[in-house]
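Colleague: Let me begin by handing over the structure; questions about it come next.
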Amino acid sequence: MTASNTPILVGSGLTVQKQPDPAKAKSPVELLAEAAQLALGDTGCSSTAKTVDTVASIRFIADSPEARDFPFGIYLNPAYTVSELLGLTPLKFMLAATGGNSPQMMINELAERIASGRVGTALLVGGEGFASVSRALAQGLDMSHWNDRPAAEAEIIGVEKPGVMPIEHKHGLFFPVNSYPLLENALRAHLGRDMESHMEKVGQLMAPFTSVAAAHPQSWFPTERSAQELIRVTEDNRLVGYPYPKYLNSVIRIDQAAAVVMTSVGKAREMGIDESRWIYLNGCAEANDIWHISERPELHRSPAMKGMAQVALNMAGWTIGDIDYFDLYSCFPVAVEVACREMGIAEDDPRPFTVTGGLPYFGGAGNAYTLMSVATMMDKLRANPGKRGMCTGNGWFLTKHSVGLYSTSPPDGVWAREPVSVLQDKIDAMPKLDLDETPVGFGCIETYTVAHVGGKSPQGILIGRVSDTDKRFVAHMTSHGNQITRLMQEDCIGMTGRLAQDEEGFNVFTPSS
């Protein structure tokens with residue numbers, strides 16, 4: 001018989017708002033409350049809300065370190081605000097640190113607390129109202145009531161620190177639409193592909209995501225597209241960060257929310273929650289890669305992804321071949337490609353890599369997307385008892401990772417996860433590359449992108465090695481001549497050139513003649 005302290009997920013809720021008038025739209029926390037109400041109702045037990053002793057939330061984009069100073073949409077303790085809206089009286093509030101890894105990280109943390117008896121029943125909420133917030137800002141509306149700064153404080157789970165160092169920030173690496181294309185080109189170079197054949201593979205990888213999104217009732221973009229439609233640059237599918245056109249980028253201007261209810265087997269039995277609602281977290285893990293991109297020896301790798309997947313699979317007693325349904329975090333194609341390579345999944349594996357449709361098509365709800373994939377996975381597994389699912393999360397720039405393995409079947413033995421520090425200590429001990437912040441002399445390009453920002457000239461962003469020292473550098477391509485255009489017309493990985501600083505302190509790379 002399954003141990004009474006075994007953690008389970010017993011309720012899920014998903015909601016989407018497509019109200020074009022922000023004055024009529026629900027606020028971001030009202031969306032969360034709506035999803036929470038659905039999740040509580042999904043348990044099938046009318047008394048579930050009364051048993052909730054912990055409410056946890058995912059951080060909104062507007063409250064993330066890299067966000068602007070928004071005049072509204074700031075909720076310092078969303079768990080408290082949602083509790084007030086629903087009339088809940090929890091004993092504790094929790095708030096996740098910034099990152100797309102945070103929903104699964106929070107599920108892992110809550111599961112451990114449930115197993116140890118520190119939490120009885122937990123409600124986890126997350127989402128975004130960023131589409132309505134953006135519309136309201138654009139229209140100059142006063143939505144100052146879309147704020148809450150309560151005195152009640154939440155326990156912060158995870159580490160809150162910038163995703164880049166100052167020199168990386170200065171050269172534009174803090175924008176995901178710049179950093180992920182850099183990683184994509186690094187992977188392409190490692191695989192020895194030319195750009196055309198590589199992008200064909202990328203389109204083939206992502207097209208099935210659009211098919212899943214088209215069938216999901218809460219999808220933001222329920223439109224099926226072919227591989228060619230995804231990769232072909234058109235007026236509607238403009239370049240964002242070379243080689244990615246718009247349809248290969250995560251979309252954060254959405255209004256979506258999700259929630260899950262967690263408790264123990266024993267508590268669920270006491271409440272009378274039917275076992276057909278139970279979903280077991282059979283395995284879980286999380287880990288951070290070398291934090292700064294420019295210090296990673298191999299830009300196409302993720303040792304943390306590889307390690308945490310194995311930890312979670314060992315915990316469950318599964319192999320990667322045992323998984324029936326995946327939801328691999330898909331903010332950009334390279335995140336899926338690297339996950340497949342690190343976890344030992346063929347890119348042409350017939351098993352779908354998403355249950356929602358992924359961040360570019362279902363919707364990239366800021367830090368909260370993986371909560372939506374877990375909620376959807378719960379429905380998928382309930383409809384297919386005995387099947388097994390994997391959901392992954394990813395924060396910053398293939399930096400922070402989390403994974404959960406789910407099934408209607410219970411784990412064998414006592415539920416216990418390996419301490420996060422065991423794997424993390426191994427990764428932290430890995431060698432890092434030295435970064436030359438002010439390189440002078442000659443260097444060689446390892447990877448690059450061309451950023452296309454509306455109203456500005458395209459900008460070439462490079463990562464490479466200084467020839468004399470083999471230290472890493474970050475730089476911009478010279479704006480003279482046609483060199484930035486050349487980055488998109490030729491394979492410029494391996495190109496050599498001279499490095500220097502301009503009058504504004506930017507590192508500038510000028511190709512050798």
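Residues are referred to by chain and number: the chain letter is A, B, ... according to the order shown in the structure tokens, the number counts from 1 in that chain, and ligands are numbered separately from 1 in the order shown.
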Using only C-alpha atoms, which residues sit within 8 Å of Gly158 (chain A) once same-chain residues fewer than 5 positions away are excluded, as number ranges by chain?
Modeller: A: 96-97, 102
Colleague: The selected residues should be written to file as a short mmCIF file (atom, residue, chain, number, x, y, z; two decimals), in the first residue's frame (atoms: C-alpha atoms).
Modeller:
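Just written: again08.cif:
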```
data_model
loop_
_atom_site.label_atom_id
_atom_site.label_comp_id
_atom_site.auth_asym_id
_atom_site.auth_seq_id
_atom_site.Cartn_x
_atom_site.Cartn_y
_atom_site.Cartn_z
CA ALA A 96 9.27 31.57 -6.53
CA ALA A 97 12.41 33.29 -7.76
CA SER A 102 10.27 27.89 -11.06
#
```
Colleague: Write out as a list in words the residues lying within 12 Å of Glu270 (chain A), counting only C-alpha atoms and excluding same-chain residues fewer than 5 positions away.
Modeller: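 Returned residues: Ser4, Cys45, Ser47, Thr48, Thr51, Gly120, Thr121, Thr263, Ser264, Val265 and Glu275 of chain A.
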Colleague: Which neighbours of region 361-376 of chain A fall inside 8 Å, counting only C-alpha atoms, when residues of the same chain fewer than 4 positions from it are skipped, and could you give them as a PyMOL selection string?
Modeller: chain A and resi 12-14+58-61+98-104+125-128+209-210+213+216+218-223+250-260+327+329+331+355-357+380+391-393+395
Colleague: Please compute the CA of His452 (chain A)-CA of Phe70 (chain A) distance, one decimal, in Å.
Modeller: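 CA of Phe70 (chain A) lies 24.0 Å from CA of His452 (chain A).
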Colleague: Which is closest to Trp146 (chain A) among A:Thr81, A:Asn482, A:Asn108, A:Asn237, if we use only C-alpha atoms?
Modeller: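 Checking each of A:Thr81, A:Asn482, A:Asn108, A:Asn237 against Trp146 (chain A), counting only C-alpha atoms, the winner is A:Thr81.
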Colleague: Hey, can you check how far CA of Ser467 (chain A) sits from CA of Gly441 (chain A)?
Modeller: 7.8 Å
Colleague: So which residues of region 155-330 of chain A fall under strand (DSSP E) by DSSP, listed as a count of residues only?
Modeller: 31
Colleague: Name all residues at most 8 Å from region 405-414 of chain A (count only C-alpha atoms; drop same-chain ones fewer than 4 positions away) and give them as a ChimeraX atom specification.
Modeller: /A:2-3,6,276,278-284,312-313,316,378,381-382,385-391
Colleague: Compile a residue-level contact table for region 124-203 of chain A against region 486-500 of chain A at a cut-off of 12 Å, reporting for every qualifying residue the shortest atom pair and its distance in Å to one decimal, with only C-alpha atoms counted, rows ordered by chain and ascending number, as a Markdown table.
Modeller:
```
| residue | atom | partner | partner_atom | distance |
| --- | --- | --- | --- | --- |
| A:Leu182 | CA | A:Ile493 | CA | 11.0 |
| A:Asn185 | CA | A:Ile493 | CA | 8.4 |
| A:Ala186 | CA | A:Ile493 | CA | 8.5 |
| A:Leu187 | CA | A:Ile493 | CA | 11.3 |
| A:Arg188 | CA | A:Ile493 | CA | 9.9 |
| A:Ala189 | CA | A:Ile493 | CA | 7.3 |
| A:His190 | CA | A:Ile493 | CA | 10.4 |
| A:Gly192 | CA | A:Ile493 | CA | 10.8 |
| A:Arg193 | CA | A:Asp491 | CA | 9.8 |
| A:Asp194 | CA | A:Asp491 | CA | 7.3 |
| A:Met195 | CA | A:Asp491 | CA | 7.3 |
| A:Glu196 | CA | A:Asp491 | CA | 10.4 |
| A:His198 | CA | A:Asp491 | CA | 11.9 |
```
Colleague: Let's have the selection written as a PDB file, in the first residue's frame, with C-alpha atoms.
Modeller:
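The resulting file, out_6.pdb, is reproduced below:
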```pdb
ATOM      1  CA  LEU A 182      23.667  32.578 -29.993  1.00  0.00           C
ATOM      2  CA  ASN A 185      24.260  28.899 -33.880  1.00  0.00           C
ATOM      3  CA  ALA A 186      26.724  27.276 -31.489  1.00  0.00           C
ATOM      4  CA  LEU A 187      24.782  24.019 -31.725  1.00  0.00           C
ATOM      5  CA  ARG A 188      24.599  24.274 -35.506  1.00  0.00           C
ATOM      6  CA  ALA A 189      28.363  24.705 -35.686  1.00  0.00           C
ATOM      7  CA  HIS A 190      28.917  21.721 -33.398  1.00  0.00           C
ATOM      8  CA  GLY A 192      28.586  20.742 -38.746  1.00  0.00           C
ATOM      9  CA  ARG A 193      25.466  21.926 -40.567  1.00  0.00           C
ATOM     10  CA  ASP A 194      25.051  24.838 -42.924  1.00  0.00           C
ATOM     11  CA  MET A 195      22.335  27.344 -41.997  1.00  0.00           C
ATOM     12  CA  GLU A 196      19.822  26.229 -44.611  1.00  0.00           C
ATOM     13  CA  HIS A 198      19.931  23.324 -39.999  1.00  0.00           C
TER      14      HIS A 198
END
```
Colleague: Write out as an MDAnalysis selection string the residues lying within 6 Å of region 332-344 of chain A, counting only C-alpha atoms and excluding same-chain residues fewer than 2 positions away.
Modeller: chainID A and resid 184 249 306 330
Colleague: Out of A:Leu86, A:Val403, A:Ala304, A:Val212, which residue has the shortest atom-to-atom distance to Asp428 (chain A) when counting only C-alpha atoms?
Modeller: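 Once distances to Asp428 (chain A) are computed over only C-alpha atoms, the minimum belongs to A:Ala304.
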